[in-house]
>>> print(open('coords.txt').read())   # compact mmCIF, C-alpha atoms and all ligand atoms
# COMPACT_ATOMS: atom_id res chain seq x y z
CA MET A 233 -5.08 -23.83 16.25
CA GLU A 234 -7.05 -22.69 19.29
CA LEU A 235 -6.24 -19.11 18.46
CA ILE A 236 -7.45 -19.52 14.88
CA GLU A 237 -10.68 -21.23 16.00
CA ALA A 238 -11.35 -18.45 18.52
CA ILE A 239 -10.82 -15.82 15.80
CA GLU A 240 -13.13 -17.66 13.38
CA LYS A 241 -15.88 -17.97 16.02
CA LEU A 242 -15.76 -14.32 17.04
CA LYS A 243 -15.57 -13.22 13.43
CA LYS A 244 -18.91 -14.94 12.76
CA GLU A 245 -20.54 -13.56 15.91
CA ARG A 246 -19.50 -10.03 15.04
CA ASN A 247 -20.15 -10.37 11.29
CA ALA A 248 -16.60 -9.23 10.72
CA VAL A 249 -14.29 -9.49 7.76
CA ILE A 250 -10.49 -9.64 8.02
CA LEU A 251 -8.55 -7.69 5.38
CA ALA A 252 -4.77 -8.09 5.21
CA HIS A 253 -2.01 -6.46 3.22
CA ASN A 254 0.49 -8.56 1.26
CA TYR A 255 3.27 -7.62 3.75
CA GLN A 256 1.54 -9.10 6.81
CA ILE A 257 3.17 -12.02 8.65
CA PRO A 258 2.26 -15.47 7.19
CA GLU A 259 -0.12 -16.49 10.03
CA VAL A 260 -2.14 -13.31 9.58
CA GLN A 261 -2.26 -13.67 5.80
CA ASP A 262 -3.53 -17.22 6.27
CA ILE A 263 -6.57 -16.23 8.38
CA ALA A 264 -7.54 -13.24 6.20
CA ASP A 265 -10.72 -13.20 4.10
CA PHE A 266 -9.00 -10.98 1.58
CA ILE A 267 -5.30 -10.28 0.94
CA GLY A 268 -4.19 -7.55 -1.43
CA ASP A 269 -2.45 -4.30 -2.25
CA SER A 270 -3.63 -0.85 -1.21
CA LEU A 271 -5.94 -0.56 -4.21
CA GLY A 272 -7.52 -4.01 -3.78
CA LEU A 273 -7.98 -3.44 -0.06
CA SER A 274 -9.76 -0.11 -0.57
CA ILE A 275 -12.07 -1.63 -3.20
CA GLU A 276 -12.85 -4.50 -0.84
CA ALA A 277 -13.44 -2.12 2.09
CA ALA A 278 -15.85 -0.06 -0.02
CA LYS A 279 -17.99 -3.05 -1.06
CA THR A 280 -17.99 -5.37 1.96
CA GLU A 281 -21.32 -6.36 3.52
CA ALA A 282 -19.74 -7.06 6.91
CA ASP A 283 -20.51 -4.89 9.94
CA VAL A 284 -16.92 -4.85 11.16
CA ILE A 285 -13.64 -4.61 9.23
CA VAL A 286 -10.54 -5.89 11.04
CA PHE A 287 -7.75 -4.21 9.13
CA CYS A 288 -4.39 -5.99 9.24
CA GLY A 289 -2.06 -3.47 7.66
CA VAL A 290 -0.83 0.00 8.55
CA TYR A 291 -2.84 2.92 9.88
CA PHE A 292 -3.43 4.86 6.65
CA MET A 293 -4.92 1.72 5.08
CA ALA A 294 -7.39 1.24 7.95
CA GLU A 295 -8.18 4.96 7.83
CA THR A 296 -8.90 4.70 4.09
CA ALA A 297 -11.27 1.79 4.81
CA LYS A 298 -13.08 3.87 7.45
CA ILE A 299 -13.37 6.85 5.09
CA LEU A 300 -14.92 4.60 2.44
CA SER A 301 -17.22 2.81 4.89
CA PRO A 302 -18.05 5.44 7.50
CA ASP A 303 -21.02 3.49 8.89
CA LYS A 304 -18.97 0.39 9.55
CA MET A 305 -16.74 -0.25 12.49
CA VAL A 306 -13.12 -0.44 11.30
CA ILE A 307 -10.66 -1.77 13.86
CA ILE A 308 -6.88 -2.03 13.71
CA PRO A 309 -5.28 -4.68 15.95
CA ASP A 310 -2.29 -2.44 16.76
CA PRO A 311 -2.82 1.31 16.40
CA LYS A 312 0.95 1.89 16.54
CA ALA A 313 1.30 0.34 13.08
CA GLY A 314 2.02 3.57 11.21
CA CYS A 315 3.68 4.24 7.87
CA PRO A 316 6.74 6.47 8.23
CA MET A 317 6.36 7.63 4.63
CA ALA A 318 2.76 8.73 5.25
CA ASP A 319 3.99 10.72 8.26
CA MET A 320 6.60 12.59 6.17
CA ILE A 321 4.05 15.22 5.13
CA THR A 322 1.46 16.90 7.35
CA GLY A 323 -1.72 18.71 6.35
CA GLU A 324 -0.08 21.99 7.34
CA GLN A 325 2.96 21.35 5.13
CA LEU A 326 0.75 20.48 2.17
CA ARG A 327 -1.37 23.60 2.69
CA ALA A 328 1.82 25.70 2.61
CA LEU A 329 2.93 23.98 -0.63
CA LYS A 330 -0.49 24.68 -2.19
CA VAL A 331 -0.14 28.37 -1.32
CA GLN A 332 3.15 28.42 -3.28
CA HIS A 333 1.49 26.74 -6.31
CA PRO A 334 -2.10 27.97 -6.32
CA ARG A 335 -2.93 26.67 -9.81
CA ALA A 336 -1.59 23.14 -9.30
CA LYS A 337 -3.80 20.08 -8.90
CA VAL A 338 -2.80 17.88 -6.00
CA LEU A 339 -2.26 14.15 -6.41
CA CYS A 340 -1.58 12.16 -3.26
CA TYR A 341 -0.31 8.63 -2.87
CA VAL A 342 -2.71 6.59 -0.72
CA ASN A 343 0.19 6.37 1.81
CA THR A 344 -0.92 9.65 3.44
CA THR A 345 -2.97 10.65 6.47
CA ALA A 346 -6.68 11.48 6.13
CA GLU A 347 -5.85 15.12 6.79
CA VAL A 348 -3.47 15.18 3.80
CA LYS A 349 -5.98 13.34 1.58
CA ALA A 350 -8.54 15.99 2.50
CA GLU A 351 -6.22 18.61 0.94
CA CYS A 352 -5.91 16.68 -2.34
CA ASP A 353 -7.83 16.60 -5.62
CA LEU A 354 -7.07 12.99 -6.44
CA CYS A 355 -5.64 9.93 -4.73
CA CYS A 356 -3.61 7.13 -6.33
CA THR A 357 -1.94 3.87 -5.38
CA SER A 358 1.17 2.28 -6.83
CA ALA A 359 -1.14 0.22 -9.08
CA ASN A 360 -2.82 3.16 -10.84
CA ALA A 361 -0.58 6.24 -10.40
CA VAL A 362 0.53 6.24 -14.06
CA ARG A 363 -3.08 6.02 -15.26
CA MET A 364 -4.27 8.77 -12.90
CA VAL A 365 -1.65 11.14 -14.34
CA SER A 366 -1.99 10.18 -17.99
CA GLU A 367 -5.81 10.06 -17.97
CA VAL A 368 -7.42 12.02 -15.14
CA LEU A 369 -4.83 14.80 -14.87
CA LYS A 370 -3.74 14.88 -18.52
CA ASP A 371 -4.93 18.45 -19.14
CA GLU A 372 -3.47 19.93 -15.96
CA GLU A 373 -0.45 22.18 -16.36
CA GLU A 374 0.90 21.82 -12.85
CA ILE A 375 0.66 18.81 -10.56
CA ILE A 376 1.81 18.52 -6.96
CA PHE A 377 2.60 14.85 -6.17
CA VAL A 378 3.05 13.87 -2.50
CA PRO A 379 4.72 12.29 -0.57
CA ASP A 380 6.78 9.62 -2.38
CA GLN A 381 9.57 11.13 -4.52
CA TYR A 382 10.42 7.72 -6.01
CA LEU A 383 6.88 6.81 -7.07
CA ALA A 384 6.67 10.31 -8.56
CA ASP A 385 9.95 9.70 -10.42
CA PHE A 386 8.60 6.37 -11.74
CA VAL A 387 5.43 8.08 -13.00
CA SER A 388 7.52 10.88 -14.56
CA GLU A 389 9.56 8.34 -16.48
CA LYS A 390 6.41 6.60 -17.73
CA THR A 391 4.39 9.68 -18.64
CA GLY A 392 7.00 12.35 -19.45
CA ARG A 393 5.32 14.68 -16.92
CA SER A 394 7.22 16.54 -14.23
CA PHE A 395 5.79 17.22 -10.79
CA ILE A 396 6.10 19.58 -7.89
CA LEU A 397 7.58 17.04 -5.51
CA TRP A 398 7.75 16.25 -1.85
CA ARG A 399 10.92 14.46 -0.79
CA GLY A 400 9.26 11.60 1.11
CA TYR A 401 10.30 7.98 0.71
CA CYS A 402 9.78 4.53 2.17
CA PRO A 403 12.59 3.65 4.61
CA THR A 404 12.04 -0.07 3.97
CA HIS A 405 12.37 0.11 0.18
CA ALA A 406 15.38 2.42 0.58
CA LYS A 407 17.24 -0.56 2.08
CA ILE A 408 17.12 -2.40 -1.25
CA LEU A 409 20.38 -1.65 -3.09
CA PRO A 410 21.24 -1.99 -6.80
CA GLU A 411 24.50 -3.81 -6.06
CA GLN A 412 22.57 -6.52 -4.21
CA ILE A 413 20.40 -7.04 -7.30
CA MET A 414 23.48 -7.16 -9.55
CA ALA A 415 25.03 -9.85 -7.34
CA LEU A 416 21.82 -11.93 -7.42
CA LYS A 417 21.49 -11.53 -11.18
CA GLU A 418 25.02 -12.84 -11.59
CA LYS A 419 24.25 -15.88 -9.44
CA HIS A 420 20.86 -16.53 -11.09
CA PRO A 421 21.12 -15.34 -14.69
CA MET A 422 17.74 -16.83 -15.71
CA ALA A 423 15.82 -15.00 -12.98
CA ALA A 424 13.50 -12.07 -13.68
CA VAL A 425 13.61 -9.03 -11.37
CA VAL A 426 10.41 -7.48 -10.02
CA ALA A 427 10.57 -4.19 -8.09
CA HIS A 428 8.06 -1.96 -6.33
CA PRO A 429 7.81 1.64 -7.63
CA GLU A 430 8.73 2.88 -4.13
CA CYS A 431 12.31 1.76 -4.92
CA PRO A 432 14.76 4.46 -6.04
CA ARG A 433 15.57 4.76 -9.76
CA PRO A 434 18.84 2.70 -9.83
CA VAL A 435 16.91 -0.28 -8.42
CA ARG A 436 13.92 0.19 -10.72
CA HIS A 437 16.20 0.33 -13.74
CA LEU A 438 17.47 -3.17 -12.96
CA ALA A 439 13.94 -4.57 -12.88
CA ASP A 440 12.11 -6.41 -15.67
CA GLN A 441 8.79 -5.36 -14.13
CA VAL A 442 7.95 -2.46 -11.78
CA LEU A 443 4.64 -3.27 -10.15
CA SER A 444 2.43 -2.85 -7.07
CA THR A 445 2.44 -5.85 -4.73
CA GLU A 446 -0.76 -7.22 -6.30
CA GLY A 447 0.63 -6.53 -9.78
CA MET A 448 3.68 -8.63 -8.84
CA CYS A 449 1.51 -11.53 -7.67
CA ARG A 450 -0.52 -11.41 -10.89
CA TRP A 451 2.42 -11.06 -13.28
CA ILE A 452 4.47 -13.78 -11.61
CA ALA A 453 1.56 -16.27 -11.64
CA ALA A 454 0.68 -15.54 -15.28
CA LYS A 455 4.00 -14.86 -16.98
CA GLY A 456 6.89 -15.07 -14.52
CA PRO A 457 9.79 -17.43 -15.20
CA LYS A 458 10.78 -20.13 -12.71
CA GLU A 459 13.17 -17.89 -10.77
CA ILE A 460 12.32 -14.42 -9.52
CA ILE A 461 14.42 -11.80 -7.72
CA VAL A 462 12.05 -9.80 -5.51
CA ALA A 463 12.79 -6.14 -4.76
CA THR A 464 10.14 -5.28 -2.19
CA GLU A 465 9.18 -5.96 1.44
CA LEU A 466 9.85 -9.55 2.50
CA GLY A 467 6.29 -10.35 3.61
CA ILE A 468 5.16 -10.85 0.03
CA ILE A 469 7.37 -13.95 -0.36
CA HIS A 470 4.89 -16.05 1.69
CA ARG A 471 2.03 -15.39 -0.71
CA LEU A 472 4.24 -15.77 -3.80
CA GLN A 473 5.54 -19.12 -2.59
CA ARG A 474 2.05 -20.37 -1.70
CA GLU A 475 0.57 -19.37 -5.06
CA ASN A 476 3.57 -20.52 -7.13
CA PRO A 477 4.91 -23.71 -5.51
CA GLY A 478 7.04 -24.52 -8.58
CA LYS A 479 8.91 -21.20 -8.59
CA VAL A 480 11.94 -20.04 -6.63
CA PHE A 481 12.08 -16.56 -5.06
CA TYR A 482 15.20 -14.62 -4.10
CA PRO A 483 14.49 -11.63 -1.85
CA VAL A 484 17.04 -8.89 -2.57
CA SER A 485 17.61 -7.77 1.01
CA ASP A 486 16.83 -9.45 4.31
CA ARG A 487 16.71 -5.91 5.75
CA ALA A 488 13.69 -4.98 3.63
CA LEU A 489 11.29 -5.51 6.51
CA CYS A 490 8.57 -3.00 7.38
CA PRO A 491 8.50 -3.15 11.20
CA ASN A 492 5.03 -1.60 11.25
CA MET A 493 3.57 -4.28 9.02
CA LYS A 494 4.90 -6.90 11.45
CA LEU A 495 3.16 -5.45 14.52
CA THR A 496 -0.06 -7.34 13.77
CA THR A 497 -0.08 -10.83 15.28
CA LEU A 498 -2.80 -13.49 15.62
CA GLU A 499 -3.13 -12.68 19.33
CA LYS A 500 -3.73 -9.01 18.57
CA VAL A 501 -6.32 -9.93 15.91
CA LEU A 502 -8.16 -12.01 18.52
CA TRP A 503 -7.99 -9.28 21.17
CA SER A 504 -9.20 -6.71 18.68
CA LEU A 505 -12.29 -8.83 17.96
CA GLU A 506 -12.86 -9.55 21.67
CA ASP A 507 -12.70 -5.91 22.77
CA MET A 508 -13.64 -4.25 19.44
CA LYS A 509 -10.36 -2.38 19.56
CA HIS A 510 -8.89 -0.16 18.24
CA PRO A 511 -11.65 1.67 16.35
CA ILE A 512 -10.58 4.11 13.65
CA GLU A 513 -12.24 7.51 13.88
CA VAL A 514 -11.91 10.24 11.27
CA PRO A 515 -13.56 13.65 11.86
CA GLU A 516 -16.51 13.98 9.49
CA ASP A 517 -15.36 17.09 7.61
CA ILE A 518 -11.92 15.58 6.95
CA ALA A 519 -13.45 12.22 5.98
CA ASP A 520 -15.86 13.85 3.52
CA ARG A 521 -13.08 15.76 1.74
CA ALA A 522 -10.68 12.80 1.78
CA ARG A 523 -13.43 10.51 0.42
CA ALA A 524 -13.87 12.75 -2.61
CA SER A 525 -10.21 12.29 -3.62
CA ILE A 526 -10.33 8.50 -3.07
CA GLU A 527 -13.65 8.06 -4.89
CA ARG A 528 -12.40 10.06 -7.86
CA MET A 529 -9.68 7.41 -8.14
CA LEU A 530 -11.99 4.42 -7.61
CA HIS A 531 -14.67 5.64 -10.01
CA HIS A 532 -12.36 6.50 -12.87
CA LYS A 533 -12.99 3.85 -15.51
CA ASP A 534 -11.82 5.44 -18.80
P1 LIG A 601 0.99 -1.73 -2.55
O1 LIG A 601 -0.21 -0.88 -2.72
O2 LIG A 601 1.74 -1.99 -3.83
O3 LIG A 601 0.65 -3.03 -1.87
O4 LIG A 601 2.04 -0.97 -1.63
C1 LIG A 601 1.71 -0.51 -0.37
C2 LIG A 601 2.89 -0.15 0.41
O5 LIG A 601 2.82 0.43 1.46
C3 LIG A 601 4.16 -0.47 -0.18
O6 LIG A 601 5.16 -0.20 0.69
FE1 LIG A 602 5.03 2.55 4.60
FE2 LIG A 602 7.16 1.49 3.42
FE3 LIG A 602 5.94 0.15 5.35
FE4 LIG A 602 4.79 0.45 2.94
S1 LIG A 602 6.65 -0.69 3.42
S2 LIG A 602 3.82 0.69 4.94
S3 LIG A 602 5.47 2.52 2.43
S4 LIG A 602 7.00 2.13 5.54
>>> encode(input="coords.txt", output="structure tokens", more="lines below")
Ligand code: 13P
Ligand code: SF4
Amino acid sequence: MELIEAIEKLKKERNAVILAHNYQIPEVQDIADFIGDSLGLSIEAAKTEADVIVFCGVYFMAETAKILSPDKMVIIPDPKAGCPMADMITGEQLRALKVQHPRAKVLCYVNTTAEVKAECDLCCTSANAVRMVSEVLKDEEEIIFVPDQYLADFVSEKTGRSFILWRGYCPTHAKILPEQIMALKEKHPMAAVVAHPECPRPVRHLADQVLSTEGMCRWIAAKGPKEIIVATELGIIHRLQRENPGKVFYPVSDRALCPNMKLTTLEKVLWSLEDMKHPIEVPEDIADRARASIERMLHHKD
């Protein structure tokens, strides 16, 4: 309680807002001003009136917030909270791929570093990747899609387009196995299966709905049956349970934990507000180019 009061008090003094991803630990989700998926968090970061954004998520998310709000102070409670998938492609590797395919447009998943985003034409999240390909890039002959091979495969299946791929993946979602889903379906035949598009194809094909984390929350609240088998990172169960007290959730794998998402604790949130640490800095030229690819995504309304 004391910790929460101290955070609330400092938050007011600093005119700060706390943004948290759906995979954060329950205590952090509970003190956040806004909880969401990567898309929701970037929209919130772009429109907030606060002077300081405390970003409870992984580094690329805080970096995206800083790129969208360069005049604000964006702090991350633990700067070691990286995303291994985002680190699977470097700016140099993407530049080399572009040299091999000079006519291709480059689409990057938001799970990338600022340097990689700066090399891209368009950004996407798991919530809008299909739409970005079928609407914004519909007339392009060649598309490079980095770094998630499984999200790319999901979009290929939905749109019929093929991509020049990068073989990145999320190590947490790779721990979710189809046989585990089959076993749960047998035990709970009335349950619906929701899966994140970062899951490999055999897992996605067992799902009734393939959605971003926010998409899952929305679909389950509006249309989900009483029992749901959840094929994504375990942190989302807290929010699902809180928002749907009458429903029962079966996580597919107790190994589907993103260790980086769990690095943020209430203590670290408090320290970050006390010491204004750790500020995110993105070199201006990289931020300007990365912003163009993110804003193209955010401003597309067709
Ligand atoms: P969402 O944008 O669906 O929340 O996913 C982010 C992420 O990192 C999933 O692993
Ligand atoms: Fe990255 Fe996977 Fe963790 Fe999401 S769950 S932040 S993609 S490692």
>>> residues_around(input="coords.txt", residues="Arg521 of chain A", least_positions_apart="5", cutoff="12 Å", atoms="all atoms listed in the file", output="list in words")
Ile299, Leu300, Ala346, Glu347, Val348, Lys349, Ala350, Glu351, Cys352, Asp353, Leu354, Cys355, Val514, Pro515, Glu516, Ile526, Glu527 and Arg528 of chain A
>>> residues_near_ligand(input="coords.txt", ligand="ligand LIG 601 (chain A)", cutoff="6 Å", atoms="all atoms listed in the file", output="ChimeraX atom specification")
/A:269-271,357-358,444-445
>>> closest_residue(input="coords.txt", among="A:Glu513, A:Glu367, A:Glu446, A:Glu475", to="Ile267 of chain A", atoms="all atoms listed in the file")
A:Glu446
>>> residues_around(input="coords.txt", residues="Glu372 of chain A", least_positions_apart="2", cutoff="10 Å", atoms="only C-alpha atoms", output="PDB file with C-alpha atoms, keeping the file's coordinate frame")
ATOM      1  CA  ARG A 335      -2.930  26.670  -9.810  1.00  0.00           C
ATOM      2  CA  ALA A 336      -1.590  23.140  -9.300  1.00  0.00           C
ATOM      3  CA  LYS A 337      -3.800  20.080  -8.900  1.00  0.00           C
ATOM      4  CA  VAL A 365      -1.650  11.140 -14.340  1.00  0.00           C
ATOM      5  CA  VAL A 368      -7.420  12.020 -15.140  1.00  0.00           C
ATOM      6  CA  LEU A 369      -4.830  14.800 -14.870  1.00  0.00           C
ATOM      7  CA  LYS A 370      -3.740  14.880 -18.520  1.00  0.00           C
ATOM      8  CA  GLU A 374       0.900  21.820 -12.850  1.00  0.00           C
ATOM      9  CA  ILE A 375       0.660  18.810 -10.560  1.00  0.00           C
TER      10      ILE A 375
END
>>> closest_atom_pairs(input="coords.txt", of="chain A", to="ligand LIG 602 (chain A)", cutoff="10 Å", atoms="all atoms listed in the file", output="Markdown table")
| residue | atom | partner | partner_atom | distance |
| --- | --- | --- | --- | --- |
| A:His253 | CA | A:LIG602 | S2 | 9.4 |
| A:Tyr255 | CA | A:LIG602 | S1 | 7.7 |
| A:Ser270 | CA | A:LIG602 | FE4 | 9.5 |
| A:Gly289 | CA | A:LIG602 | S2 | 7.7 |
| A:Val290 | CA | A:LIG602 | S2 | 5.9 |
| A:Tyr291 | CA | A:LIG602 | S2 | 8.6 |
| A:Phe292 | CA | A:LIG602 | S2 | 8.5 |
| A:Met293 | CA | A:LIG602 | S2 | 8.8 |
| A:Ala313 | CA | A:LIG602 | S2 | 8.5 |
| A:Gly314 | CA | A:LIG602 | S2 | 7.1 |
| A:Cys315 | CA | A:LIG602 | FE1 | 3.9 |
| A:Pro316 | CA | A:LIG602 | S4 | 5.1 |
| A:Met317 | CA | A:LIG602 | FE1 | 5.3 |
| A:Ala318 | CA | A:LIG602 | FE1 | 6.6 |
| A:Asp319 | CA | A:LIG602 | FE1 | 9.0 |
| A:Tyr341 | CA | A:LIG602 | S3 | 9.9 |
| A:Val342 | CA | A:LIG602 | S3 | 9.7 |
| A:Asn343 | CA | A:LIG602 | S3 | 6.6 |
| A:Thr344 | CA | A:LIG602 | FE1 | 9.3 |
| A:Asp380 | CA | A:LIG602 | S3 | 8.7 |
| A:Gly400 | CA | A:LIG602 | S3 | 9.9 |
| A:Tyr401 | CA | A:LIG602 | S3 | 7.5 |
| A:Cys402 | CA | A:LIG602 | FE2 | 4.2 |
| A:Pro403 | CA | A:LIG602 | S4 | 5.9 |
| A:Thr404 | CA | A:LIG602 | FE2 | 5.2 |
| A:His405 | CA | A:LIG602 | FE2 | 6.3 |
| A:Ala406 | CA | A:LIG602 | FE2 | 8.7 |
| A:His428 | CA | A:LIG602 | S1 | 9.9 |
| A:Glu430 | CA | A:LIG602 | S3 | 7.3 |
| A:Cys431 | CA | A:LIG602 | FE2 | 9.8 |
| A:Thr464 | CA | A:LIG602 | S1 | 8.0 |
| A:Glu465 | CA | A:LIG602 | S1 | 6.2 |
| A:Leu466 | CA | A:LIG602 | S1 | 9.5 |
| A:Gly467 | CA | A:LIG602 | S1 | 9.7 |
| A:Ala488 | CA | A:LIG602 | S1 | 8.2 |
| A:Leu489 | CA | A:LIG602 | S1 | 7.4 |
| A:Cys490 | CA | A:LIG602 | FE3 | 4.6 |
| A:Pro491 | CA | A:LIG602 | FE3 | 7.2 |
| A:Asn492 | CA | A:LIG602 | FE3 | 6.2 |
| A:Met493 | CA | A:LIG602 | FE3 | 6.2 |
| A:Lys494 | CA | A:LIG602 | FE3 | 9.4 |
>>> closest_residue(input="coords.txt", among="A:Phe287, A:Trp451, A:Phe266, A:Tyr482", to="Thr496 of chain A", atoms="only C-alpha atoms")
A:Phe287
>>> atom_distance(input="coords.txt", atom1="atom CA of Lys500 of chain A", atom2="atom CA of Leu251 of chain A")
14.1 Å
>>> atom_distance(input="coords.txt", atom1="atom CA of Val425 of chain A", atom2="atom CA of Val480 of chain A")
12.1 Å
>>> residues_near_point(input="coords.txt", point="(8.7, -7.5, -12.4)", cutoff="6 Å", atoms="only C-alpha atoms", output="list in words")
Val425, Val426, Ala427, Asp440, Gln441 and Val442 of chain A
>>> closest_residue(input="coords.txt", among="A:Asp283, A:Asp520, A:Val331, A:Ile408", to="Arg246 of chain A", atoms="all atoms listed in the file")
A:Asp283
>>> residues_near_point(input="coords.txt", point="(-9.5, -19.6, 19.6)", cutoff="12 Å", atoms="only C-alpha atoms", output="list in words")
Met233, Glu234, Leu235, Ile236, Glu237, Ala238, Ile239, Glu240, Lys241, Leu242, Lys243, Leu498, Glu499, Val501, Leu502, Trp503, Leu505 and Glu506 of chain A
>>> closest_residue(input="coords.txt", among="A:Ile275, A:Ile413, A:Ala248, A:Cys340", to="Arg436 of chain A", atoms="only C-alpha atoms")
A:Ile413
>>> residues_around(input="coords.txt", residues="Met422 of chain A", least_positions_apart="6", cutoff="12 Å", atoms="only C-alpha atoms", output="list in words")
Leu416, Asp440, Gly456, Pro457, Lys458, Glu459, Ile460, Ile461 and Val480 of chain A
>>> closest_residue(input="coords.txt", among="A:Cys288, A:Gln332, A:Pro311, A:Val484", to="Ile257 of chain A", atoms="all atoms listed in the file")
A:Cys288
>>> atom_distance(input="coords.txt", atom1="atom CA of Lys419 of chain A", atom2="atom CA of His437 of chain A")
18.6 Å
>>> residues_around(input="coords.txt", residues="Asn476 of chain A", least_positions_apart="6", cutoff="10 Å", atoms="all atoms listed in the file", output="list in words")
Cys449, Ile452, Ala453, Ala454, Gly456, Lys458 and His470 of chain A
>>> closest_residue(input="coords.txt", among="A:Gly478, A:Pro511, A:Pro429, A:Pro334", to="Glu389 of chain A", atoms="only C-alpha atoms")
A:Pro429
>>> build_atoms(input="coords.txt", residues="segment 512-526 of chain A", atoms="N, CA and C atoms", output="short mmCIF file (atom, residue, chain, number, x, y, z; two decimals), in the frame of the given file")
data_model
loop_
_atom_site.label_atom_id
_atom_site.label_comp_id
_atom_site.auth_asym_id
_atom_site.auth_seq_id
_atom_site.Cartn_x
_atom_site.Cartn_y
_atom_site.Cartn_z
N ILE A 512 -11.11 2.96 14.38
CA ILE A 512 -10.58 4.11 13.65
C ILE A 512 -11.67 5.17 13.61
N GLU A 513 -11.31 6.38 13.96
CA GLU A 513 -12.24 7.51 13.88
C GLU A 513 -11.61 8.59 13.00
N VAL A 514 -12.40 9.13 12.09
CA VAL A 514 -11.91 10.24 11.27
C VAL A 514 -12.96 11.35 11.37
N PRO A 515 -12.57 12.57 11.77
CA PRO A 515 -13.56 13.65 11.86
C PRO A 515 -14.32 13.80 10.53
N GLU A 516 -15.64 14.04 10.66
CA GLU A 516 -16.51 13.98 9.49
C GLU A 516 -16.09 14.91 8.35
N ASP A 517 -15.71 16.16 8.69
CA ASP A 517 -15.36 17.09 7.61
C ASP A 517 -14.11 16.63 6.87
N ILE A 518 -13.15 16.09 7.60
CA ILE A 518 -11.92 15.58 6.95
C ILE A 518 -12.27 14.35 6.12
N ALA A 519 -13.08 13.45 6.70
CA ALA A 519 -13.45 12.22 5.98
C ALA A 519 -14.18 12.55 4.68
N ASP A 520 -15.08 13.52 4.72
CA ASP A 520 -15.86 13.85 3.52
C ASP A 520 -14.95 14.36 2.40
N ARG A 521 -13.99 15.21 2.77
CA ARG A 521 -13.08 15.76 1.74
C ARG A 521 -12.10 14.70 1.25
N ALA A 522 -11.62 13.86 2.18
CA ALA A 522 -10.68 12.80 1.78
C ALA A 522 -11.38 11.78 0.88
N ARG A 523 -12.66 11.49 1.21
CA ARG A 523 -13.43 10.51 0.42
C ARG A 523 -13.55 10.96 -1.04
N ALA A 524 -13.71 12.25 -1.23
CA ALA A 524 -13.87 12.75 -2.61
C ALA A 524 -12.63 12.41 -3.43
N SER A 525 -11.43 12.57 -2.83
CA SER A 525 -10.21 12.29 -3.62
C SER A 525 -10.02 10.79 -3.84
N ILE A 526 -10.47 9.97 -2.90
CA ILE A 526 -10.33 8.50 -3.07
C ILE A 526 -11.38 8.00 -4.08
#
